[in-house]
file data-v7.cif (mmCIF, N, CA and C atoms)
data_data
#
loop_
_atom_site.label_atom_id
_atom_site.label_comp_id
_atom_site.auth_asym_id
_atom_site.auth_seq_id
_atom_site.Cartn_x
_atom_site.Cartn_y
_atom_site.Cartn_z
N MET T 1083 -2.08 -5.75 7.86
CA MET T 1083 -1.31 -6.70 7.13
C MET T 1083 0.14 -6.23 7.12
N THR T 1084 1.03 -7.15 7.37
CA THR T 1084 2.46 -6.85 7.32
C THR T 1084 3.14 -7.85 6.42
N THR T 1085 4.04 -7.37 5.60
CA THR T 1085 4.85 -8.25 4.77
C THR T 1085 6.31 -7.84 4.89
N GLU T 1086 7.18 -8.82 4.89
CA GLU T 1086 8.61 -8.56 5.00
C GLU T 1086 9.34 -9.38 3.96
N ASN T 1087 10.46 -8.83 3.50
CA ASN T 1087 11.25 -9.52 2.50
C ASN T 1087 12.67 -8.99 2.54
N GLY T 1088 13.61 -9.83 2.22
CA GLY T 1088 14.99 -9.40 2.13
C GLY T 1088 15.27 -8.77 0.78
N TYR T 1089 16.36 -8.03 0.68
CA TYR T 1089 16.75 -7.45 -0.60
C TYR T 1089 18.26 -7.43 -0.72
N LYS T 1090 18.72 -7.50 -1.97
CA LYS T 1090 20.14 -7.49 -2.24
C LYS T 1090 20.66 -6.06 -2.38
N PHE T 1091 19.89 -5.21 -3.08
CA PHE T 1091 20.26 -3.82 -3.30
C PHE T 1091 19.25 -2.92 -2.59
N ALA T 1092 19.73 -1.88 -1.99
CA ALA T 1092 18.83 -0.94 -1.30
C ALA T 1092 17.81 -0.38 -2.29
N PRO T 1093 16.57 -0.20 -1.85
CA PRO T 1093 15.55 0.35 -2.75
C PRO T 1093 15.94 1.74 -3.28
N MET T 1094 15.59 1.98 -4.54
CA MET T 1094 15.82 3.30 -5.15
C MET T 1094 14.54 4.12 -4.97
N ILE T 1095 14.72 5.36 -4.56
CA ILE T 1095 13.59 6.27 -4.40
C ILE T 1095 13.77 7.41 -5.41
N LYS T 1096 12.72 7.70 -6.17
CA LYS T 1096 12.75 8.80 -7.13
C LYS T 1096 11.46 9.59 -6.98
N ASP T 1097 11.59 10.87 -6.72
CA ASP T 1097 10.43 11.75 -6.52
C ASP T 1097 9.50 11.24 -5.42
N GLY T 1098 10.06 10.62 -4.40
CA GLY T 1098 9.28 10.15 -3.27
C GLY T 1098 8.64 8.78 -3.45
N PHE T 1099 8.91 8.11 -4.56
CA PHE T 1099 8.33 6.80 -4.84
C PHE T 1099 9.44 5.79 -5.11
N PHE T 1100 9.13 4.51 -4.90
CA PHE T 1100 10.08 3.47 -5.24
C PHE T 1100 10.26 3.44 -6.76
N ALA T 1101 11.49 3.24 -7.20
CA ALA T 1101 11.81 3.16 -8.63
C ALA T 1101 12.39 1.79 -8.92
N THR T 1102 12.34 1.39 -10.18
CA THR T 1102 12.87 0.09 -10.58
C THR T 1102 14.22 0.25 -11.27
N ARG T 1103 15.00 -0.79 -11.20
CA ARG T 1103 16.25 -0.85 -11.94
C ARG T 1103 16.06 -1.59 -13.27
N LYS T 1104 14.90 -2.14 -13.50
CA LYS T 1104 14.63 -2.93 -14.70
C LYS T 1104 14.51 -2.02 -15.93
N ALA T 1105 14.83 -2.58 -17.10
CA ALA T 1105 14.83 -1.80 -18.33
C ALA T 1105 13.41 -1.34 -18.72
N ASP T 1106 12.42 -2.20 -18.52
CA ASP T 1106 11.03 -1.89 -18.89
C ASP T 1106 10.35 -1.16 -17.73
N LYS T 1107 10.65 0.10 -17.57
CA LYS T 1107 10.21 0.87 -16.41
C LYS T 1107 8.69 1.09 -16.37
N ASP T 1108 8.01 1.01 -17.51
CA ASP T 1108 6.56 1.23 -17.54
C ASP T 1108 5.78 0.08 -16.91
N ARG T 1109 6.40 -1.08 -16.77
CA ARG T 1109 5.69 -2.25 -16.27
C ARG T 1109 6.16 -2.70 -14.90
N HIS T 1110 6.96 -1.88 -14.24
CA HIS T 1110 7.50 -2.26 -12.93
C HIS T 1110 7.42 -1.08 -11.96
N ALA T 1111 7.58 -1.40 -10.67
CA ALA T 1111 7.60 -0.40 -9.59
C ALA T 1111 6.24 0.27 -9.39
N ILE T 1112 5.17 -0.48 -9.58
CA ILE T 1112 3.84 0.08 -9.37
C ILE T 1112 3.13 -0.54 -8.17
N GLY T 1113 3.68 -1.60 -7.61
CA GLY T 1113 3.02 -2.31 -6.52
C GLY T 1113 2.79 -1.45 -5.28
N MET T 1114 3.82 -0.80 -4.79
CA MET T 1114 3.68 0.01 -3.58
C MET T 1114 2.81 1.23 -3.83
N ARG T 1115 2.87 1.80 -5.04
CA ARG T 1115 1.97 2.92 -5.35
C ARG T 1115 0.52 2.46 -5.29
N SER T 1116 0.25 1.28 -5.84
CA SER T 1116 -1.11 0.75 -5.84
C SER T 1116 -1.59 0.47 -4.42
N ILE T 1117 -0.73 -0.10 -3.61
CA ILE T 1117 -1.09 -0.39 -2.22
C ILE T 1117 -1.37 0.90 -1.48
N ARG T 1118 -0.49 1.88 -1.60
CA ARG T 1118 -0.67 3.16 -0.91
C ARG T 1118 -1.98 3.83 -1.34
N TYR T 1119 -2.27 3.81 -2.64
CA TYR T 1119 -3.51 4.42 -3.14
C TYR T 1119 -4.73 3.76 -2.51
N ALA T 1120 -4.77 2.42 -2.53
CA ALA T 1120 -5.92 1.70 -2.00
C ALA T 1120 -6.08 1.92 -0.50
N VAL T 1121 -5.00 1.88 0.23
CA VAL T 1121 -5.07 2.05 1.69
C VAL T 1121 -5.52 3.47 2.04
N GLU T 1122 -4.98 4.47 1.37
CA GLU T 1122 -5.38 5.86 1.66
C GLU T 1122 -6.83 6.11 1.24
N LYS T 1123 -7.29 5.44 0.19
CA LYS T 1123 -8.68 5.59 -0.25
C LYS T 1123 -9.65 5.19 0.86
N TYR T 1124 -9.27 4.21 1.66
CA TYR T 1124 -10.13 3.73 2.73
C TYR T 1124 -9.66 4.20 4.11
N ALA T 1125 -9.03 5.36 4.15
CA ALA T 1125 -8.64 6.03 5.39
C ALA T 1125 -7.71 5.18 6.25
N GLY T 1126 -6.85 4.42 5.59
CA GLY T 1126 -5.89 3.61 6.32
C GLY T 1126 -4.52 4.25 6.32
N ILE T 1127 -3.55 3.51 6.82
CA ILE T 1127 -2.18 4.01 6.86
C ILE T 1127 -1.22 2.93 6.34
N VAL T 1128 -0.11 3.39 5.78
CA VAL T 1128 0.94 2.50 5.30
C VAL T 1128 2.23 2.92 5.97
N SER T 1129 2.97 1.95 6.45
CA SER T 1129 4.27 2.20 7.05
C SER T 1129 5.29 1.33 6.31
N ILE T 1130 6.37 1.94 5.83
CA ILE T 1130 7.39 1.22 5.09
C ILE T 1130 8.74 1.51 5.73
N SER T 1131 9.52 0.45 5.91
CA SER T 1131 10.88 0.63 6.42
C SER T 1131 11.80 -0.37 5.73
N TYR T 1132 13.05 0.00 5.62
CA TYR T 1132 14.05 -0.90 5.07
C TYR T 1132 15.40 -0.57 5.69
N LYS T 1133 16.07 -1.63 6.13
CA LYS T 1133 17.34 -1.46 6.82
C LYS T 1133 18.02 -2.83 6.89
N ASP T 1134 19.33 -2.82 6.76
CA ASP T 1134 20.11 -4.05 6.89
C ASP T 1134 19.58 -5.18 6.00
N ASN T 1135 19.29 -4.84 4.75
CA ASN T 1135 18.82 -5.81 3.75
C ASN T 1135 17.48 -6.46 4.10
N TRP T 1136 16.64 -5.73 4.83
CA TRP T 1136 15.32 -6.23 5.19
C TRP T 1136 14.29 -5.14 4.94
N PHE T 1137 13.27 -5.45 4.13
CA PHE T 1137 12.20 -4.53 3.76
C PHE T 1137 10.94 -4.95 4.48
N LYS T 1138 10.21 -3.99 5.05
CA LYS T 1138 8.97 -4.29 5.77
C LYS T 1138 7.92 -3.25 5.40
N ALA T 1139 6.74 -3.74 5.03
CA ALA T 1139 5.61 -2.86 4.72
C ALA T 1139 4.41 -3.31 5.55
N THR T 1140 3.76 -2.36 6.20
CA THR T 1140 2.58 -2.63 7.01
C THR T 1140 1.45 -1.72 6.53
N ALA T 1141 0.28 -2.31 6.30
CA ALA T 1141 -0.89 -1.55 5.88
C ALA T 1141 -2.02 -1.86 6.85
N MET T 1142 -2.73 -0.82 7.26
CA MET T 1142 -3.87 -1.00 8.16
C MET T 1142 -5.04 -0.21 7.59
N LEU T 1143 -6.16 -0.91 7.38
CA LEU T 1143 -7.37 -0.28 6.87
C LEU T 1143 -8.30 0.06 8.01
N CYS T 1144 -9.11 1.08 7.78
CA CYS T 1144 -10.13 1.47 8.75
C CYS T 1144 -11.28 0.47 8.66
N GLY T 1145 -11.74 -0.04 9.79
CA GLY T 1145 -12.87 -0.97 9.80
C GLY T 1145 -14.18 -0.24 9.56
N TYR T 1146 -15.17 -0.95 9.03
CA TYR T 1146 -16.44 -0.29 8.74
C TYR T 1146 -17.10 0.25 10.00
N GLU T 1147 -16.81 -0.35 11.16
CA GLU T 1147 -17.43 0.14 12.38
C GLU T 1147 -17.00 1.58 12.68
N THR T 1148 -15.78 1.93 12.32
CA THR T 1148 -15.31 3.29 12.60
C THR T 1148 -15.47 4.19 11.38
N ALA T 1149 -15.68 3.61 10.20
CA ALA T 1149 -15.82 4.42 9.00
C ALA T 1149 -17.17 5.12 8.94
N PHE T 1150 -18.19 4.53 9.57
CA PHE T 1150 -19.53 5.10 9.54
C PHE T 1150 -20.00 5.35 10.97
N SER T 1151 -20.60 6.50 11.15
CA SER T 1151 -21.04 6.84 12.51
C SER T 1151 -22.33 6.13 12.89
N ASP T 1152 -23.07 5.63 11.91
CA ASP T 1152 -24.30 4.90 12.24
C ASP T 1152 -24.54 3.80 11.21
N LYS T 1153 -25.49 2.95 11.48
CA LYS T 1153 -25.76 1.81 10.62
C LYS T 1153 -26.24 2.23 9.24
N SER T 1154 -26.94 3.35 9.12
CA SER T 1154 -27.46 3.76 7.81
C SER T 1154 -26.32 4.06 6.84
N GLY T 1155 -25.20 4.58 7.32
CA GLY T 1155 -24.04 4.83 6.46
C GLY T 1155 -23.49 3.55 5.90
N TYR T 1156 -23.45 2.51 6.72
CA TYR T 1156 -22.97 1.20 6.29
C TYR T 1156 -23.92 0.61 5.26
N GLU T 1157 -25.23 0.72 5.50
CA GLU T 1157 -26.21 0.19 4.55
C GLU T 1157 -26.14 0.94 3.23
N THR T 1158 -25.91 2.24 3.25
CA THR T 1158 -25.76 3.02 2.03
C THR T 1158 -24.55 2.55 1.25
N ALA T 1159 -23.46 2.32 1.92
CA ALA T 1159 -22.23 1.84 1.26
C ALA T 1159 -22.47 0.49 0.61
N LEU T 1160 -23.20 -0.39 1.28
CA LEU T 1160 -23.50 -1.70 0.70
C LEU T 1160 -24.37 -1.57 -0.54
N SER T 1161 -25.37 -0.69 -0.52
CA SER T 1161 -26.25 -0.53 -1.68
C SER T 1161 -25.51 0.14 -2.83
N ASP T 1162 -24.54 1.03 -2.54
CA ASP T 1162 -23.75 1.67 -3.59
C ASP T 1162 -22.86 0.67 -4.31
N ARG T 1163 -22.50 -0.39 -3.61
CA ARG T 1163 -21.64 -1.42 -4.15
C ARG T 1163 -22.33 -2.21 -5.25
N ASN T 1164 -23.63 -2.31 -5.20
CA ASN T 1164 -24.38 -3.11 -6.18
C ASN T 1164 -24.82 -2.33 -7.35
#
call {"tool": "encode", "arguments": {"input": "data-v7.cif", "output": "structure tokens"}}
result
Amino acid sequence: MTTENGYKFAPMIKDGFFATRKADKDRHAIGMRSIRYAVEKYAGIVSISYKDNWFKATAMLCGYETAFSDKSGYETALSDRN
């Protein structure tokens, strides 16, 4: 999945994470952290770039065919879900 968006102000980075300029800091700047957490949980990768007022984020998840070496692993994952 890839998403792109323009921006007026360059993103702020604090301690390696995106930061918000909004006053209510506890309720903002959590989207990319959440995406990165979910993607890494499933052995995926996230690529983020921003340049010339254009922000781009790409996330790729590992497919179940490569996540399990055999069908029994996939069936176990399905039964754990229930």
call {"tool": "residues_near_point", "arguments": {"input": "data-v7.cif", "point": "(11.7, -2.9, 3.0)", "cutoff": "8 Å", "atoms": "all atoms listed in the file", "output": "list in words"}}
result
Thr1085, Glu1086, Asn1087, Gly1088, Tyr1089, Pro1093, Ile1130, Ser1131, Tyr1132, Lys1133, Asn1135, Trp1136, Phe1137, Lys1138 and Ala1139 of chain T
call {"tool": "closest_residue", "arguments": {"input": "data-v7.cif", "among": "T:Ala1111, T:Ser1129, T:Lys1123, T:Asp1134", "to": "Lys1096 (chain T)", "atoms": "only C-alpha atoms"}}
result
T:Ala1111
call {"tool": "residues_around", "arguments": {"input": "data-v7.cif", "residues": "Val1121 (chain T)", "least_positions_apart": "3", "cutoff": "9 Å", "atoms": "only C-alpha atoms", "output": "ChimeraX atom specification"}}
result
/T:1116-1118,1124-1128,1141-1144
call {"tool": "select_by_dssp", "arguments": {"input": "data-v7.cif", "residues": "region 1099-1148 of chain T", "states": "strand (DSSP E)", "output": "list in words"}}
result
Phe1099, Phe1100, Ala1101, Ile1127, Val1128, Ser1129, Ile1130, Ser1131, Tyr1132, Lys1133, Trp1136, Phe1137, Lys1138, Ala1139, Thr1140, Ala1141 and Met1142 of chain T
call {"tool": "atom_distance", "arguments": {"input": "data-v7.cif", "atom1": "CA of Met1083 (chain T)", "atom2": "CA of Arg1115 (chain T)"}}
result
16.1 Å
call {"tool": "atom_distance", "arguments": {"input": "data-v7.cif", "atom1": "CA of Glu1122 (chain T)", "atom2": "CA of Lys1090 (chain T)"}}
result
29.1 Å
call {"tool": "select_by_dssp", "arguments": {"input": "data-v7.cif", "residues": "region 1108-1137 of chain T", "states": "alpha helix (DSSP H)", "output": "ChimeraX atom specification"}}
result
/T:1113-1123
